[in-house]
Amino acid sequence: MEANPRSTGRLPAAFLTPGSSSFTDFLGSHAPELLPGNRPLPPVKGAVEIPHGTTIVAVTYRDGVVLAGDRRATMGNVIAQRDIEKVFPADEYSAVGIAGTAGLAVEMVKLFQLELEHFEKVEGAQLSLEGKANRLSTMIRSNLGMAMQGLAVVPLFAGWDVDRQKGRIFSYDVTGGRSEEQGYAATGSGSMFARGSLKKLFRDGLSEDEATTLVVQALYDAADDDSATGGPDLARRIYPIVTVVSDEGFRKLSEERLLGTVRAIHERRLEEPDGPRAALL
């Protein structure tokens with residue numbers, strides 16, 4: 001597939017062969033060894049420590065959806081990185097958050113971004129949000145061989161549905177199984193604790209500010225009980241990645257915008273570290 005710099009300048013035949021609008025299918029036909037799931041792993045003895053990303057949360061609100069992730073990557077009991085980014089734009093109206101093997105997850109996201117861009121250029125139109133969710137499901141399924149060897153990738157996908165005019169959230173398992181979540185969702189090692197927080201605080205008709213506070217609160221709760229999840233770090237100025245997708249498109253909230261929310265939650269935790277005390281009846 002590589003172009004020859006000494007040739008006449010013509011594209012290789014693979015680029016001129018009619019096919020589907022899927023870039024993944026194109027690679028599978030002409031250079032299958034480039035797909036992440038097709039790369040052979042070298043033989044190793046014993047366990048190999050590889051950086052893993054953890055908790056991702058998403059919440060729908062009245063004008064769209066908020067997708068957020070903590071910043072910690074771990075290797076066993078060691079913090080591999082304190083400020084990793086786990087939430088990325090997939091295209092103008094969708095975003096994906098990664099949990100699992102960090103290197104493979106980032107590579108899968110980049111391939112997914114290229115997949116959606118390739119489809120739009122070939123077809124002259126964007127995929128529906130449902131179609132994007134299905135494409136991501138296929139990519140996760142192609143990584144099943146890696147997942148069976150312990151290199152799993154389990155993302156959370158969210159976006160603005162242009163046809164239905166609302167925010168939607170999709171979760172996955174390692175086999176590519178896809179489920180649409182209603183209202184909120186969480187994935188990663190701290191998801192159980194984050195989901196409990198979301199379940200108690202979520203309600204229909206949230207504003208963007210309320211949804212932002214909710215996802216930061218959920219990540220704070222997850223970090224409280226899961227060592228692999230990093231809470232907001234005021235000392236190092238490391239805050240969660242929080243993104244918003246609405247009819248205006250994808251938008252990442254700035255650290256300045258998050259600082260007030262993080263400080264407010266932190267101050268409440270200093271006053272009542274175990275949460276608000278219920279009144280005794």
# chains A, B, ... in the order shown; residues from 1 in each chain; ligands from 1
call {"tool": "residues_around", "arguments": {"residues": "Ala264 (chain A)", "least_positions_apart": "5", "cutoff": "10 Å", "atoms": "only C-alpha atoms", "output": "list of chain:residue names"}}
result
A:Thr213, A:Leu259, A:Arg269
call {"tool": "write_last_selection", "arguments": {"atoms": "N, CA, C and O atoms", "output": "CSV table (one decimal), in the first residue's frame"}}
result
chain,number,residue,atom,x,y,z
A,213,THR,N,-21.5,19.1,37.4
A,213,THR,CA,-21.3,18.9,38.8
A,213,THR,C,-21.5,17.4,39.2
A,213,THR,O,-20.8,16.8,39.9
A,259,LEU,N,-12.8,24.6,37.7
A,259,LEU,CA,-12.2,24.8,39.0
A,259,LEU,C,-13.2,25.2,40.1
A,259,LEU,O,-13.1,24.7,41.2
A,269,ARG,N,-16.7,18.2,51.0
A,269,ARG,CA,-16.1,17.0,51.5
A,269,ARG,C,-15.3,17.2,52.7
A,269,ARG,O,-15.2,16.4,53.6
call {"tool": "select_by_dssp", "arguments": {"residues": "region 117-275 of chain A", "states": "alpha helix (DSSP H)", "output": "PyMOL selection string"}}
result
chain A and resi 117-123+129-142+144-148+191-201+208-225+255-271
call {"tool": "write_last_selection", "arguments": {"atoms": "C-alpha atoms", "output": "compact mmCIF listing (two decimals), in the first residue's frame"}}
result
# COMPACT_ATOMS: atom_id res chain seq x y z
CA GLU A 117 -14.03 10.84 8.66
CA HIS A 118 -13.46 8.35 5.81
CA PHE A 119 -17.17 7.49 5.67
CA GLU A 120 -18.15 11.16 5.50
CA LYS A 121 -15.68 11.86 2.67
CA VAL A 122 -16.77 8.81 0.63
CA GLU A 123 -20.53 9.09 1.19
CA LEU A 129 -25.40 8.21 15.85
CA GLU A 130 -26.76 4.65 15.80
CA GLY A 131 -24.46 3.85 12.88
CA LYS A 132 -21.45 5.27 14.71
CA ALA A 133 -22.26 3.15 17.76
CA ASN A 134 -22.49 0.05 15.54
CA ARG A 135 -19.13 0.79 13.86
CA LEU A 136 -17.46 1.07 17.27
CA SER A 137 -19.05 -2.21 18.31
CA THR A 138 -17.48 -3.94 15.30
CA MET A 139 -14.06 -2.52 16.13
CA ILE A 140 -14.26 -3.72 19.74
CA ARG A 141 -15.28 -7.20 18.56
CA SER A 142 -12.23 -7.34 16.28
CA LEU A 144 -11.52 -9.92 21.12
CA GLY A 145 -8.32 -11.93 20.60
CA MET A 146 -6.34 -9.27 22.45
CA ALA A 147 -9.00 -9.07 25.16
CA MET A 148 -8.73 -12.82 25.77
CA SER A 191 -17.76 2.30 37.70
CA MET A 192 -19.63 0.54 40.51
CA PHE A 193 -19.03 3.44 42.90
CA ALA A 194 -19.59 6.10 40.22
CA ARG A 195 -22.84 4.47 39.14
CA GLY A 196 -24.13 4.52 42.72
CA SER A 197 -23.44 8.23 42.92
CA LEU A 198 -25.09 8.89 39.55
CA LYS A 199 -28.13 6.82 40.50
CA LYS A 200 -28.77 8.88 43.63
CA LEU A 201 -28.18 12.33 42.11
CA GLU A 208 -25.34 21.73 31.76
CA ASP A 209 -23.91 23.08 35.03
CA GLU A 210 -25.83 20.51 37.08
CA ALA A 211 -24.73 17.66 34.80
CA THR A 212 -21.12 18.84 35.05
CA THR A 213 -21.32 18.88 38.85
CA LEU A 214 -22.88 15.41 38.78
CA VAL A 215 -20.11 13.76 36.72
CA VAL A 216 -17.35 15.38 38.79
CA GLN A 217 -19.11 14.25 41.99
CA ALA A 218 -19.38 10.70 40.61
CA LEU A 219 -15.66 10.60 39.77
CA TYR A 220 -14.87 11.98 43.24
CA ASP A 221 -16.95 9.16 44.81
CA ALA A 222 -15.27 6.55 42.60
CA ALA A 223 -11.81 7.80 43.61
CA ASP A 224 -12.87 7.53 47.25
CA ASP A 225 -13.19 3.73 47.02
CA GLU A 255 -9.81 23.90 33.57
CA GLU A 256 -10.88 27.41 34.58
CA ARG A 257 -14.51 26.42 34.03
CA LEU A 258 -14.09 23.26 36.16
CA LEU A 259 -12.15 24.84 38.99
CA GLY A 260 -15.20 26.35 40.70
CA THR A 261 -17.09 23.06 40.58
CA VAL A 262 -14.13 21.07 41.90
CA ARG A 263 -13.49 23.50 44.75
CA ALA A 264 -17.15 23.53 45.79
CA ILE A 265 -17.24 19.73 45.97
CA HIS A 266 -13.90 19.64 47.78
CA GLU A 267 -15.06 22.12 50.42
CA ARG A 268 -18.23 20.12 51.07
CA ARG A 269 -16.09 16.99 51.48
CA LEU A 270 -13.90 18.74 54.04
CA GLU A 271 -16.98 19.58 56.10
call {"tool": "atom_distance", "arguments": {"atom1": "CA of Leu67 (chain A)", "atom2": "CA of Lys252 (chain A)"}}
result
9.5 Å
call {"tool": "residues_around", "arguments": {"residues": "Ser246 (chain A)", "least_positions_apart": "5", "cutoff": "8 Å", "atoms": "only C-alpha atoms", "output": "VMD selection string"}}
result
chain A and resid 63 to 65 93 159 to 160 166 to 167
call {"tool": "closest_residue", "arguments": {"among": "A:Gly124, A:Pro155, A:Lys110, A:Thr54", "to": "Val96 (chain A)", "atoms": "only C-alpha atoms"}}
result
A:Pro155
call {"tool": "closest_residue", "arguments": {"among": "A:Val59, A:Ile238, A:Ala228, A:Val66", "to": "Ala80 (chain A)", "atoms": "only C-alpha atoms"}}
result
A:Ala228
call {"tool": "residues_around", "arguments": {"residues": "Ile50 (chain A)", "least_positions_apart": "5", "cutoff": "9 Å", "atoms": "only C-alpha atoms", "output": "list in words"}}
result
Thr74, Met75, Gly76, Ala80, Thr101, Ala102, Gly103 and Leu151 of chain A
call {"tool": "write_last_selection", "arguments": {"atoms": "N, CA, C and O atoms", "output": "PDB file, in the first residue's frame"}}
result
ATOM      1  N   THR A  74      -2.868   3.287  35.700  1.00  0.00           N
ATOM      2  CA  THR A  74      -2.145   2.463  36.667  1.00  0.00           C
ATOM      3  C   THR A  74      -1.501   1.257  35.997  1.00  0.00           C
ATOM      4  O   THR A  74      -1.965   0.763  34.970  1.00  0.00           O
ATOM      5  N   MET A  75      -0.413   0.781  36.622  1.00  0.00           N
ATOM      6  CA  MET A  75       0.224  -0.488  36.254  1.00  0.00           C
ATOM      7  C   MET A  75       0.315  -1.316  37.524  1.00  0.00           C
ATOM      8  O   MET A  75       1.205  -1.103  38.351  1.00  0.00           O
ATOM      9  N   GLY A  76      -0.656  -2.213  37.692  1.00  0.00           N
ATOM     10  CA  GLY A  76      -0.707  -2.961  38.939  1.00  0.00           C
ATOM     11  C   GLY A  76      -1.004  -2.006  40.089  1.00  0.00           C
ATOM     12  O   GLY A  76      -1.998  -1.281  40.068  1.00  0.00           O
ATOM     13  N   ALA A  80       0.941   4.876  36.900  1.00  0.00           N
ATOM     14  CA  ALA A  80       1.800   5.030  35.721  1.00  0.00           C
ATOM     15  C   ALA A  80       1.787   6.463  35.206  1.00  0.00           C
ATOM     16  O   ALA A  80       2.797   6.969  34.728  1.00  0.00           O
ATOM     17  N   THR A 101      -6.842  -1.234  28.488  1.00  0.00           N
ATOM     18  CA  THR A 101      -5.432  -1.099  28.123  1.00  0.00           C
ATOM     19  C   THR A 101      -5.223   0.223  27.392  1.00  0.00           C
ATOM     20  O   THR A 101      -5.732   0.422  26.294  1.00  0.00           O
ATOM     21  N   ALA A 102      -4.455   1.124  28.000  1.00  0.00           N
ATOM     22  CA  ALA A 102      -4.384   2.505  27.528  1.00  0.00           C
ATOM     23  C   ALA A 102      -3.867   2.618  26.096  1.00  0.00           C
ATOM     24  O   ALA A 102      -4.450   3.321  25.266  1.00  0.00           O
ATOM     25  N   GLY A 103      -2.757   1.927  25.768  1.00  0.00           N
ATOM     26  CA  GLY A 103      -2.174   2.050  24.432  1.00  0.00           C
ATOM     27  C   GLY A 103      -3.120   1.592  23.341  1.00  0.00           C
ATOM     28  O   GLY A 103      -3.324   2.281  22.336  1.00  0.00           O
ATOM     29  N   LEU A 151      -5.727  -7.865  27.235  1.00  0.00           N
ATOM     30  CA  LEU A 151      -5.580  -6.499  26.712  1.00  0.00           C
ATOM     31  C   LEU A 151      -6.933  -5.992  26.228  1.00  0.00           C
ATOM     32  O   LEU A 151      -7.160  -5.738  25.056  1.00  0.00           O
TER      33      LEU A 151
END
call {"tool": "atom_distance", "arguments": {"atom1": "CA of Thr55 (chain A)", "atom2": "CA of Glu85 (chain A)"}}
result
11.5 Å
call {"tool": "closest_residue", "arguments": {"among": "A:Glu181, A:Ala235, A:Val242, A:Asp91", "to": "Leu111 (chain A)", "atoms": "only C-alpha atoms"}}
result
A:Asp91
